[in-house]
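Okay, run.cif is below, mmCIF, C-alpha atoms and all ligand atoms:
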```cif
data_work
loop_
_atom_site.group_PDB
_atom_site.id
_atom_site.type_symbol
_atom_site.label_atom_id
_atom_site.label_comp_id
_atom_site.auth_asym_id
_atom_site.auth_seq_id
_atom_site.Cartn_x
_atom_site.Cartn_y
_atom_site.Cartn_z
ATOM 1 C CA MET O 1 0.000 0.000 0.000
ATOM 2 C CA ARG O 2 1.407 3.393 -0.983
ATOM 3 C CA GLN O 3 1.221 6.082 1.698
ATOM 4 C CA PRO O 4 -0.406 9.227 0.289
ATOM 5 C CA VAL O 5 1.778 12.322 0.365
ATOM 6 C CA VAL O 6 0.513 15.900 0.364
ATOM 7 C CA ILE O 7 3.054 18.705 -0.052
ATOM 8 C CA GLY O 8 2.481 22.453 -0.010
ATOM 9 C CA ASN O 9 4.380 24.502 -2.591
ATOM 10 C CA TRP O 10 4.336 28.097 -1.401
ATOM 11 C CA LYS O 11 6.132 29.399 -4.515
ATOM 12 C CA LEU O 12 7.270 32.988 -3.826
ATOM 13 C CA ASN O 13 4.917 33.600 -0.899
ATOM 14 C CA GLY O 14 5.160 33.661 2.895
ATOM 15 C CA SER O 15 7.225 35.385 5.572
ATOM 16 C CA PRO O 16 9.024 34.276 8.743
ATOM 17 C CA ALA O 17 5.909 35.121 10.773
ATOM 18 C CA SER O 18 3.478 33.314 8.448
ATOM 19 C CA THR O 19 5.776 30.269 8.360
ATOM 20 C CA GLU O 20 5.809 30.022 12.154
ATOM 21 C CA ALA O 21 2.046 30.431 12.359
ATOM 22 C CA TRP O 22 1.386 27.946 9.517
ATOM 23 C CA VAL O 23 3.671 25.244 10.893
ATOM 24 C CA SER O 24 2.236 25.503 14.364
ATOM 25 C CA ALA O 25 -1.355 25.363 13.005
ATOM 26 C CA VAL O 26 -0.554 22.368 10.787
ATOM 27 C CA LEU O 27 1.208 20.551 13.638
ATOM 28 C CA SER O 28 -1.863 21.003 15.854
ATOM 29 C CA GLY O 29 -4.152 19.593 13.149
ATOM 30 C CA MET O 30 -1.842 16.820 11.938
ATOM 31 C CA GLY O 31 -2.201 14.582 14.977
ATOM 32 C CA ALA O 32 -5.042 12.529 13.530
ATOM 33 C CA LEU O 33 -3.472 12.330 10.087
ATOM 34 C CA ASP O 34 -0.646 9.855 10.435
ATOM 35 C CA ALA O 35 -1.926 7.896 7.419
ATOM 36 C CA VAL O 36 -0.650 10.747 5.242
ATOM 37 C CA GLU O 37 2.879 12.044 4.742
ATOM 38 C CA ILE O 38 2.747 15.836 4.903
ATOM 39 C CA GLY O 39 5.315 18.354 3.693
ATOM 40 C CA LEU O 40 5.942 22.019 3.035
ATOM 41 C CA CYS O 41 8.243 23.628 0.454
ATOM 42 C CA PRO O 42 8.559 27.326 1.314
ATOM 43 C CA PRO O 43 10.979 29.805 -0.319
ATOM 44 C CA PHE O 44 14.630 28.977 0.476
ATOM 45 C CA VAL O 45 15.154 31.583 3.195
ATOM 46 C CA LEU O 46 12.102 30.379 5.148
ATOM 47 C CA ILE O 47 13.334 26.772 5.271
ATOM 48 C CA PRO O 48 15.307 27.122 8.549
ATOM 49 C CA THR O 49 12.271 28.689 10.262
ATOM 50 C CA ALA O 50 10.046 25.833 9.053
ATOM 51 C CA VAL O 51 12.604 23.161 9.988
ATOM 52 C CA ARG O 52 13.054 24.617 13.478
ATOM 53 C CA GLN O 53 9.336 24.876 14.064
ATOM 54 C CA ALA O 54 8.662 21.351 12.739
ATOM 55 C CA ALA O 55 11.514 19.711 14.693
ATOM 56 C CA GLY O 56 10.495 16.430 16.308
ATOM 57 C CA SER O 57 7.277 16.186 14.276
ATOM 58 C CA ALA O 58 6.375 14.172 11.171
ATOM 59 C CA LEU O 59 6.066 17.331 9.056
ATOM 60 C CA GLN O 60 8.772 17.257 6.369
ATOM 61 C CA ILE O 61 10.273 20.365 4.782
ATOM 62 C CA GLY O 62 11.694 20.777 1.292
ATOM 63 C CA GLY O 63 13.075 23.188 -1.284
ATOM 64 C CA GLN O 64 11.316 24.294 -4.469
ATOM 65 C CA ASP O 65 14.392 23.787 -6.652
ATOM 66 C CA CYS O 66 18.117 23.080 -6.395
ATOM 67 C CA ALA O 67 21.207 23.793 -8.458
ATOM 68 C CA GLU O 68 22.577 21.331 -10.971
ATOM 69 C CA TYR O 69 25.991 22.199 -9.506
ATOM 70 C CA LEU O 70 27.741 21.130 -6.310
ATOM 71 C CA SER O 71 29.365 24.484 -5.522
ATOM 72 C CA GLY O 72 31.316 27.290 -7.143
ATOM 73 C CA ALA O 73 30.745 30.484 -9.104
ATOM 74 C CA TYR O 74 26.967 30.199 -9.559
ATOM 75 C CA THR O 75 25.583 33.352 -7.974
ATOM 76 C CA GLY O 76 22.081 32.934 -6.633
ATOM 77 C CA GLU O 77 22.038 29.141 -6.740
ATOM 78 C CA VAL O 78 21.383 26.759 -3.818
ATOM 79 C CA SER O 79 22.796 23.224 -3.902
ATOM 80 C CA ALA O 80 21.016 20.022 -3.004
ATOM 81 C CA ASP O 81 23.678 19.356 -0.346
ATOM 82 C CA LEU O 82 22.919 22.702 1.313
ATOM 83 C CA LEU O 83 19.202 21.938 1.341
ATOM 84 C CA ARG O 84 19.927 18.627 3.031
ATOM 85 C CA ALA O 85 22.331 20.264 5.479
ATOM 86 C CA VAL O 86 19.652 22.656 6.724
ATOM 87 C CA GLY O 87 17.166 19.840 7.253
ATOM 88 C CA CYS O 88 15.270 19.446 3.988
ATOM 89 C CA HIS O 89 13.683 16.120 3.110
ATOM 90 C CA TYR O 90 12.319 16.935 -0.376
ATOM 91 C CA VAL O 91 13.174 19.052 -3.350
ATOM 92 C CA ILE O 92 10.683 19.909 -6.087
ATOM 93 C CA LEU O 93 12.288 19.578 -9.536
ATOM 94 C CA GLY O 94 11.052 20.524 -12.984
ATOM 95 C CA HIS O 95 8.043 22.523 -11.821
ATOM 96 C CA SER O 96 6.318 23.938 -14.903
ATOM 97 C CA GLU O 97 7.117 27.484 -13.732
ATOM 98 C CA ARG O 98 10.820 26.582 -13.708
ATOM 99 C CA ARG O 99 10.483 25.026 -17.152
ATOM 100 C CA ALA O 100 8.500 27.920 -18.667
ATOM 101 C CA LEU O 101 9.900 30.992 -16.884
ATOM 102 C CA PHE O 102 13.484 29.924 -16.254
ATOM 103 C CA GLY O 103 14.128 27.817 -19.330
ATOM 104 C CA GLU O 104 14.781 24.530 -17.568
ATOM 105 C CA THR O 105 15.145 21.700 -20.048
ATOM 106 C CA ASP O 106 14.717 17.984 -19.421
ATOM 107 C CA ALA O 107 18.522 17.666 -19.452
ATOM 108 C CA VAL O 108 18.940 20.319 -16.733
ATOM 109 C CA ILE O 109 16.214 18.701 -14.636
ATOM 110 C CA ALA O 110 17.869 15.284 -14.991
ATOM 111 C CA ARG O 111 21.185 16.747 -13.757
ATOM 112 C CA LYS O 112 19.410 18.366 -10.785
ATOM 113 C CA MET O 113 17.803 15.015 -10.013
ATOM 114 C CA VAL O 114 21.261 13.404 -9.889
ATOM 115 C CA ARG O 115 22.370 16.039 -7.338
ATOM 116 C CA ALA O 116 19.204 15.695 -5.277
ATOM 117 C CA LEU O 117 19.524 11.907 -5.055
ATOM 118 C CA ALA O 118 23.219 12.090 -4.208
ATOM 119 C CA ALA O 119 22.426 14.533 -1.399
ATOM 120 C CA GLY O 120 19.851 12.139 0.068
ATOM 121 C CA LEU O 121 16.842 14.303 -0.762
ATOM 122 C CA VAL O 122 13.536 12.916 -2.002
ATOM 123 C CA PRO O 123 12.966 14.512 -5.410
ATOM 124 C CA VAL O 124 9.428 15.511 -6.379
ATOM 125 C CA LEU O 125 9.702 15.406 -10.155
ATOM 126 C CA CYS O 126 6.998 17.478 -11.885
ATOM 127 C CA VAL O 127 5.719 16.577 -15.331
ATOM 128 C CA GLY O 128 2.742 17.785 -17.319
ATOM 129 C CA GLU O 129 1.513 19.113 -20.630
ATOM 130 C CA THR O 130 0.310 22.556 -21.715
ATOM 131 C CA LEU O 131 -3.240 23.169 -22.903
ATOM 132 C CA ALA O 132 -2.083 23.370 -26.534
ATOM 133 C CA GLU O 133 -0.329 20.020 -26.179
ATOM 134 C CA ARG O 134 -3.463 18.438 -24.664
ATOM 135 C CA GLU O 135 -5.681 19.892 -27.377
ATOM 136 C CA ALA O 136 -3.312 18.492 -29.989
ATOM 137 C CA GLY O 137 -3.591 15.059 -28.340
ATOM 138 C CA GLN O 138 0.114 15.123 -27.456
ATOM 139 C CA MET O 139 -0.176 14.926 -23.670
ATOM 140 C CA GLU O 140 1.069 11.364 -23.334
ATOM 141 C CA ALA O 141 3.977 11.961 -25.721
ATOM 142 C CA VAL O 142 5.002 15.072 -23.734
ATOM 143 C CA VAL O 143 4.881 13.346 -20.358
ATOM 144 C CA ARG O 144 6.653 10.272 -21.772
ATOM 145 C CA GLN O 145 9.499 12.476 -23.010
ATOM 146 C CA GLN O 146 9.765 14.372 -19.689
ATOM 147 C CA LEU O 147 9.933 11.128 -17.722
ATOM 148 C CA ARG O 148 12.221 9.189 -20.037
ATOM 149 C CA ALA O 149 14.721 12.048 -20.109
ATOM 150 C CA VAL O 150 15.143 11.662 -16.348
ATOM 151 C CA VAL O 151 14.808 7.873 -16.004
ATOM 152 C CA ASP O 152 17.452 7.365 -18.689
ATOM 153 C CA VAL O 153 19.915 9.458 -16.652
ATOM 154 C CA VAL O 154 19.196 8.455 -13.039
ATOM 155 C CA GLY O 155 17.924 4.903 -13.621
ATOM 156 C CA ILE O 156 14.551 3.460 -12.691
ATOM 157 C CA GLN O 157 15.638 2.356 -9.182
ATOM 158 C CA ALA O 158 15.926 6.031 -8.208
ATOM 159 C CA PHE O 159 12.141 6.222 -8.400
ATOM 160 C CA GLU O 160 11.817 3.892 -5.428
ATOM 161 C CA ARG O 161 12.734 6.935 -3.342
ATOM 162 C CA SER O 162 11.279 9.678 -5.525
ATOM 163 C CA ILE O 163 7.838 11.174 -5.994
ATOM 164 C CA ILE O 164 6.352 12.138 -9.362
ATOM 165 C CA ALA O 165 3.848 14.998 -9.529
ATOM 166 C CA TYR O 166 1.597 15.096 -12.582
ATOM 167 C CA GLU O 167 0.750 18.769 -12.962
ATOM 168 C CA PRO O 168 -1.057 19.723 -16.165
ATOM 169 C CA VAL O 169 0.203 23.248 -16.874
ATOM 170 C CA TRP O 170 -3.310 24.436 -17.746
ATOM 171 C CA ALA O 171 -4.497 23.533 -14.239
ATOM 172 C CA ILE O 172 -1.742 25.221 -12.224
ATOM 173 C CA GLY O 173 -2.950 28.347 -10.461
ATOM 174 C CA THR O 174 -5.849 28.688 -12.910
ATOM 175 C CA GLY O 175 -8.723 27.339 -10.826
ATOM 176 C CA VAL O 176 -9.317 24.782 -13.599
ATOM 177 C CA THR O 177 -8.708 21.289 -12.250
ATOM 178 C CA ALA O 178 -8.234 18.158 -14.335
ATOM 179 C CA THR O 179 -11.290 15.959 -13.896
ATOM 180 C CA PRO O 180 -10.675 12.906 -11.731
ATOM 181 C CA ASP O 181 -10.930 10.796 -14.903
ATOM 182 C CA GLN O 182 -8.382 12.912 -16.806
ATOM 183 C CA ALA O 183 -5.970 12.839 -13.864
ATOM 184 C CA GLN O 184 -6.427 9.104 -13.264
ATOM 185 C CA ALA O 185 -5.868 8.354 -16.963
ATOM 186 C CA MET O 186 -2.536 10.173 -16.961
ATOM 187 C CA HIS O 187 -1.461 8.642 -13.656
ATOM 188 C CA ALA O 188 -2.220 5.166 -15.017
ATOM 189 C CA PHE O 189 -0.260 6.054 -18.150
ATOM 190 C CA ILE O 190 2.746 7.148 -16.037
ATOM 191 C CA ARG O 191 2.619 3.986 -13.942
ATOM 192 C CA GLY O 192 2.414 1.907 -17.115
ATOM 193 C CA LEU O 193 5.390 3.705 -18.593
ATOM 194 C CA LEU O 194 7.475 3.062 -15.468
ATOM 195 C CA ALA O 195 6.338 -0.578 -15.458
ATOM 196 C CA GLU O 196 8.088 -1.013 -18.814
ATOM 197 C CA TYR O 197 11.322 -0.330 -16.901
ATOM 198 C CA ASN O 198 10.471 -2.088 -13.644
ATOM 199 C CA PRO O 199 6.996 -3.266 -12.539
ATOM 200 C CA HIS O 200 7.897 -3.232 -8.831
ATOM 201 C CA VAL O 201 9.077 0.377 -8.905
ATOM 202 C CA ALA O 202 5.979 1.332 -10.903
ATOM 203 C CA ARG O 203 3.734 -0.178 -8.208
ATOM 204 C CA MET O 204 5.604 1.509 -5.344
ATOM 205 C CA VAL O 205 6.247 5.018 -6.692
ATOM 206 C CA ARG O 206 3.936 7.696 -5.367
ATOM 207 C CA LEU O 207 2.211 9.784 -8.017
ATOM 208 C CA GLN O 208 0.832 13.111 -6.839
ATOM 209 C CA TYR O 209 -1.664 15.188 -8.753
ATOM 210 C CA GLY O 210 -1.179 18.969 -8.772
ATOM 211 C CA GLY O 211 -3.191 21.769 -10.348
ATOM 212 C CA SER O 212 -5.846 23.777 -8.500
ATOM 213 C CA VAL O 213 -6.470 21.129 -5.837
ATOM 214 C CA LYS O 214 -8.858 22.624 -3.256
ATOM 215 C CA PRO O 215 -10.693 21.274 -0.215
ATOM 216 C CA ASP O 216 -13.820 20.759 -2.328
ATOM 217 C CA ASN O 217 -12.241 18.714 -5.146
ATOM 218 C CA ALA O 218 -9.477 16.866 -3.261
ATOM 219 C CA ALA O 219 -11.563 13.880 -2.128
ATOM 220 C CA GLN O 220 -12.649 12.952 -5.654
ATOM 221 C CA LEU O 221 -9.129 13.276 -7.047
ATOM 222 C CA PHE O 222 -7.475 11.342 -4.227
ATOM 223 C CA SER O 223 -9.986 8.502 -4.422
ATOM 224 C CA GLN O 224 -8.647 7.559 -7.869
ATOM 225 C CA PRO O 225 -6.603 4.346 -7.716
ATOM 226 C CA ASP O 226 -3.350 5.780 -9.111
ATOM 227 C CA ILE O 227 -3.420 9.183 -7.343
ATOM 228 C CA ASP O 228 -1.370 9.092 -4.140
ATOM 229 C CA GLY O 229 -1.929 12.606 -2.805
ATOM 230 C CA GLY O 230 -1.181 16.031 -4.173
ATOM 231 C CA LEU O 231 1.225 18.891 -4.704
ATOM 232 C CA ILE O 232 -0.693 21.943 -3.553
ATOM 233 C CA GLY O 233 0.073 25.533 -4.549
ATOM 234 C CA GLY O 234 -2.470 28.271 -3.765
ATOM 235 C CA ALA O 235 -4.529 26.217 -1.333
ATOM 236 C CA SER O 236 -1.460 25.395 0.760
ATOM 237 C CA LEU O 237 -1.029 28.985 1.897
ATOM 238 C CA LYS O 238 -3.852 28.762 4.438
ATOM 239 C CA ALA O 239 -3.180 26.088 7.056
ATOM 240 C CA GLU O 240 -6.880 25.211 7.450
ATOM 241 C CA GLU O 241 -7.404 24.653 3.708
ATOM 242 C CA PHE O 242 -4.210 22.639 3.492
ATOM 243 C CA LEU O 243 -5.218 20.474 6.456
ATOM 244 C CA SER O 244 -8.584 19.818 4.926
ATOM 245 C CA ILE O 245 -6.844 18.605 1.738
ATOM 246 C CA CYS O 246 -4.622 16.358 3.897
ATOM 247 C CA ARG O 247 -7.761 14.983 5.580
ATOM 248 C CA ALA O 248 -9.215 14.162 2.156
ATOM 249 C CA ALA O 249 -6.047 12.189 1.351
ATOM 250 C CA ALA O 250 -6.322 10.270 4.634
ATOM 251 C CA ASP O 251 -10.018 9.506 4.073
ATOM 252 C CA ALA O 252 -9.396 8.327 0.513
ATOM 253 C CA ARG O 253 -7.221 5.410 1.639
HETATM 254 C C1 LIG S 301 1.801 24.072 -7.912
HETATM 255 O O1 LIG S 301 2.336 25.155 -7.797
HETATM 256 O O2 LIG S 301 2.502 23.067 -7.960
HETATM 257 C C2 LIG S 301 0.344 24.016 -7.993
HETATM 258 C C3 LIG S 301 -0.218 22.838 -8.195
HETATM 259 O O3 LIG S 301 -0.351 25.200 -7.842
HETATM 260 P P1 LIG S 301 -1.950 25.372 -7.622
HETATM 261 O O4 LIG S 301 -2.380 24.348 -6.588
HETATM 262 O O5 LIG S 301 -2.109 26.769 -7.139
HETATM 263 O O6 LIG S 301 -2.594 25.128 -8.946
#
```
Using structure tokens, write down the structure from this file.
Ligand code: PEP
Amino acid sequence: MRQPVVIGNWKLNGSPASTEAWVSAVLSGMGALDAVEIGLCPPFVLIPTAVRQAAGSALQIGGQDCAEYLSGAYTGEVSADLLRAVGCHYVILGHSERRALFGETDAVIARKMVRALAAGLVPVLCVGETLAEREAGQMEAVVRQQLRAVVDVVGIQAFERSIIAYEPVWAIGTGVTATPDQAQAMHAFIRGLLAEYNPHVARMVRLQYGGSVKPDNAAQLFSQPDIDGGLIGGASLKAEEFLSICRAAADAR
């Protein structure tokens, strides 16, 4: 049985004060939710606040990106090793905003994945098609390419300790959610693709859905057989909304 995992992606939002308040609210509400793994990826500089506040609890903290480099003359970059050193558990890689706004290619993302795995982080690899690609019927080809580019570099075994987030670009931050059927179909496709490499890894890997998940649509999405929780943007900013999404993941088991 795969444990559902729900992770908040704050993007460029939050402050030291809101991080402290959020973590303490989530810790108070998390007690009854041990069936679900719960995480938060705040902006880099808020990570130490979140780690300190979450110390001794099951709440895991992560980064939203990492460098493809170990160290050196890369102004503005943060390495996977540094994230691990300050207490991170996860790192989100290949988010569609990184791909679209910062020009990250599949090759760059694969190199970041190598660094993340070597540092002992759990990568949350994001894949997903644009609306134009879906309308052209190319969504499976796009996701296949995004996944293969990484699997061919890091190897399929790496996915035993990684998470994949299917995030259709047209659903991120738009309020438009994939229907449970659309999301399930893509999740089943991803699992099938991984099964071509290794059926055991395909059965074990956790596949999150992301894209306008809210308290009122989470239960239906998470009750799909191949959806193992969610990567939550906007609705993760308010602790109560986030907790209610975590509850939906626990109830869907
Ligand atoms: C995300 O940023 O990964 C995301 C899914 O955002 P939202 O939930 O706001 O669509």
Name each residue within 6 Å of ligand LIG 301 (chain S), counting all atoms listed in the file, as a compact mmCIF listing (two decimals) with C-alpha atoms, in the coordinates of the input.
```txt
# COMPACT_ATOMS: atom_id res chain seq x y z
CA ASN O 9 4.38 24.50 -2.59
CA ALA O 171 -4.50 23.53 -14.24
CA ILE O 172 -1.74 25.22 -12.22
CA GLY O 173 -2.95 28.35 -10.46
CA GLY O 210 -1.18 18.97 -8.77
CA GLY O 211 -3.19 21.77 -10.35
CA SER O 212 -5.85 23.78 -8.50
CA VAL O 213 -6.47 21.13 -5.84
CA LEU O 231 1.23 18.89 -4.70
CA ILE O 232 -0.69 21.94 -3.55
CA GLY O 233 0.07 25.53 -4.55
CA GLY O 234 -2.47 28.27 -3.76
CA ALA O 235 -4.53 26.22 -1.33
```
Note to self: If I take atom CA of Tyr197 of chain O and atom CA of Arg98 of chain O, how far is one from the other in Å, to one decimal?
What the structure shows: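 Taking atom CA of Tyr197 of chain O as the start and atom CA of Arg98 of chain O as the end point, the length is 27.1 Å.
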Next item on the list: May I have the protein, DNA and RNA residues with an atom at most 8 Å from (2.5, 16.8, -16.3), counting only C-alpha atoms in the file's coordinates, returned as a list of chain:residue names?
Entry: O:Cys126, O:Val127, O:Gly128, O:Glu129, O:Val143, O:Ala165, O:Tyr166, O:Glu167, O:Pro168, O:Val169
Could you list the residues chosen by the PyMOL selection byres (((chain O and resi 125) around 10) and not hetatm) in this structure as a PDB file with C-alpha atoms, keeping the file's coordinate frame?
```
ATOM      1  CA  VAL O  91      13.174  19.052  -3.350  1.00  0.00           C
ATOM      2  CA  ILE O  92      10.683  19.909  -6.087  1.00  0.00           C
ATOM      3  CA  LEU O  93      12.288  19.578  -9.536  1.00  0.00           C
ATOM      4  CA  GLY O  94      11.052  20.524 -12.984  1.00  0.00           C
ATOM      5  CA  HIS O  95       8.043  22.523 -11.821  1.00  0.00           C
ATOM      6  CA  ILE O 109      16.214  18.701 -14.636  1.00  0.00           C
ATOM      7  CA  ALA O 110      17.869  15.284 -14.991  1.00  0.00           C
ATOM      8  CA  MET O 113      17.803  15.015 -10.013  1.00  0.00           C
ATOM      9  CA  VAL O 122      13.536  12.916  -2.002  1.00  0.00           C
ATOM     10  CA  PRO O 123      12.966  14.512  -5.410  1.00  0.00           C
ATOM     11  CA  VAL O 124       9.428  15.511  -6.379  1.00  0.00           C
ATOM     12  CA  CYS O 126       6.998  17.478 -11.885  1.00  0.00           C
ATOM     13  CA  VAL O 127       5.719  16.577 -15.331  1.00  0.00           C
ATOM     14  CA  GLN O 146       9.765  14.372 -19.689  1.00  0.00           C
ATOM     15  CA  LEU O 147       9.933  11.128 -17.722  1.00  0.00           C
ATOM     16  CA  VAL O 150      15.143  11.662 -16.348  1.00  0.00           C
ATOM     17  CA  PHE O 159      12.141   6.222  -8.400  1.00  0.00           C
ATOM     18  CA  SER O 162      11.279   9.678  -5.525  1.00  0.00           C
ATOM     19  CA  ILE O 163       7.838  11.174  -5.994  1.00  0.00           C
ATOM     20  CA  ILE O 164       6.352  12.138  -9.362  1.00  0.00           C
ATOM     21  CA  ALA O 165       3.848  14.998  -9.529  1.00  0.00           C
ATOM     22  CA  TYR O 166       1.597  15.096 -12.582  1.00  0.00           C
ATOM     23  CA  GLU O 167       0.750  18.769 -12.962  1.00  0.00           C
ATOM     24  CA  LEU O 207       2.211   9.784  -8.017  1.00  0.00           C
ATOM     25  CA  GLN O 208       0.832  13.111  -6.839  1.00  0.00           C
TER      26      GLN O 208
END
```
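Atom CA of Met1 of chain O is found 13.8 Å from atom CA of Ser223 of chain O.
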Next item on the list: Work out how far apart atom CA of Gln157 of chain O and atom CA of Gln3 of chain O are and give it in Å to one decimal.
Entry: 18.4 Å
Note to self: I need the output of the PyMOL selection byres (((chain O and resi 204) around 8) and not hetatm) for this file as JSON, numbers by chain; which residues are they?
What the structure shows: {"O": [1, 2, 160, 200, 201, 202, 203, 205, 206]}
Note to self: List as number ranges by chain the protein and nucleic acid residues near Cys88 of chain O, meaning an atom at most 7 Å away when only C-alpha atoms are counted, but skip any in the same chain fewer than 2 places from it.
What the structure shows: O: 61-63, 83-84, 86, 90
Next item on the list: Using only C-alpha atoms, determine which residues lie at most 12 Å from Thr179 of chain O, disregarding the query and same-chain residues fewer than 2 positions distant; provide the list as a PyMOL selection string.
Entry: chain O and resi 168+171+176-177+181-186+209-213+217-222+224
Item checked: Test item: which residues lie within 7 Å of (19.7, 25.8, -4.6) counting all atoms listed in the file, as a PyMOL selection string -> chain O and resi 65-67+77-80
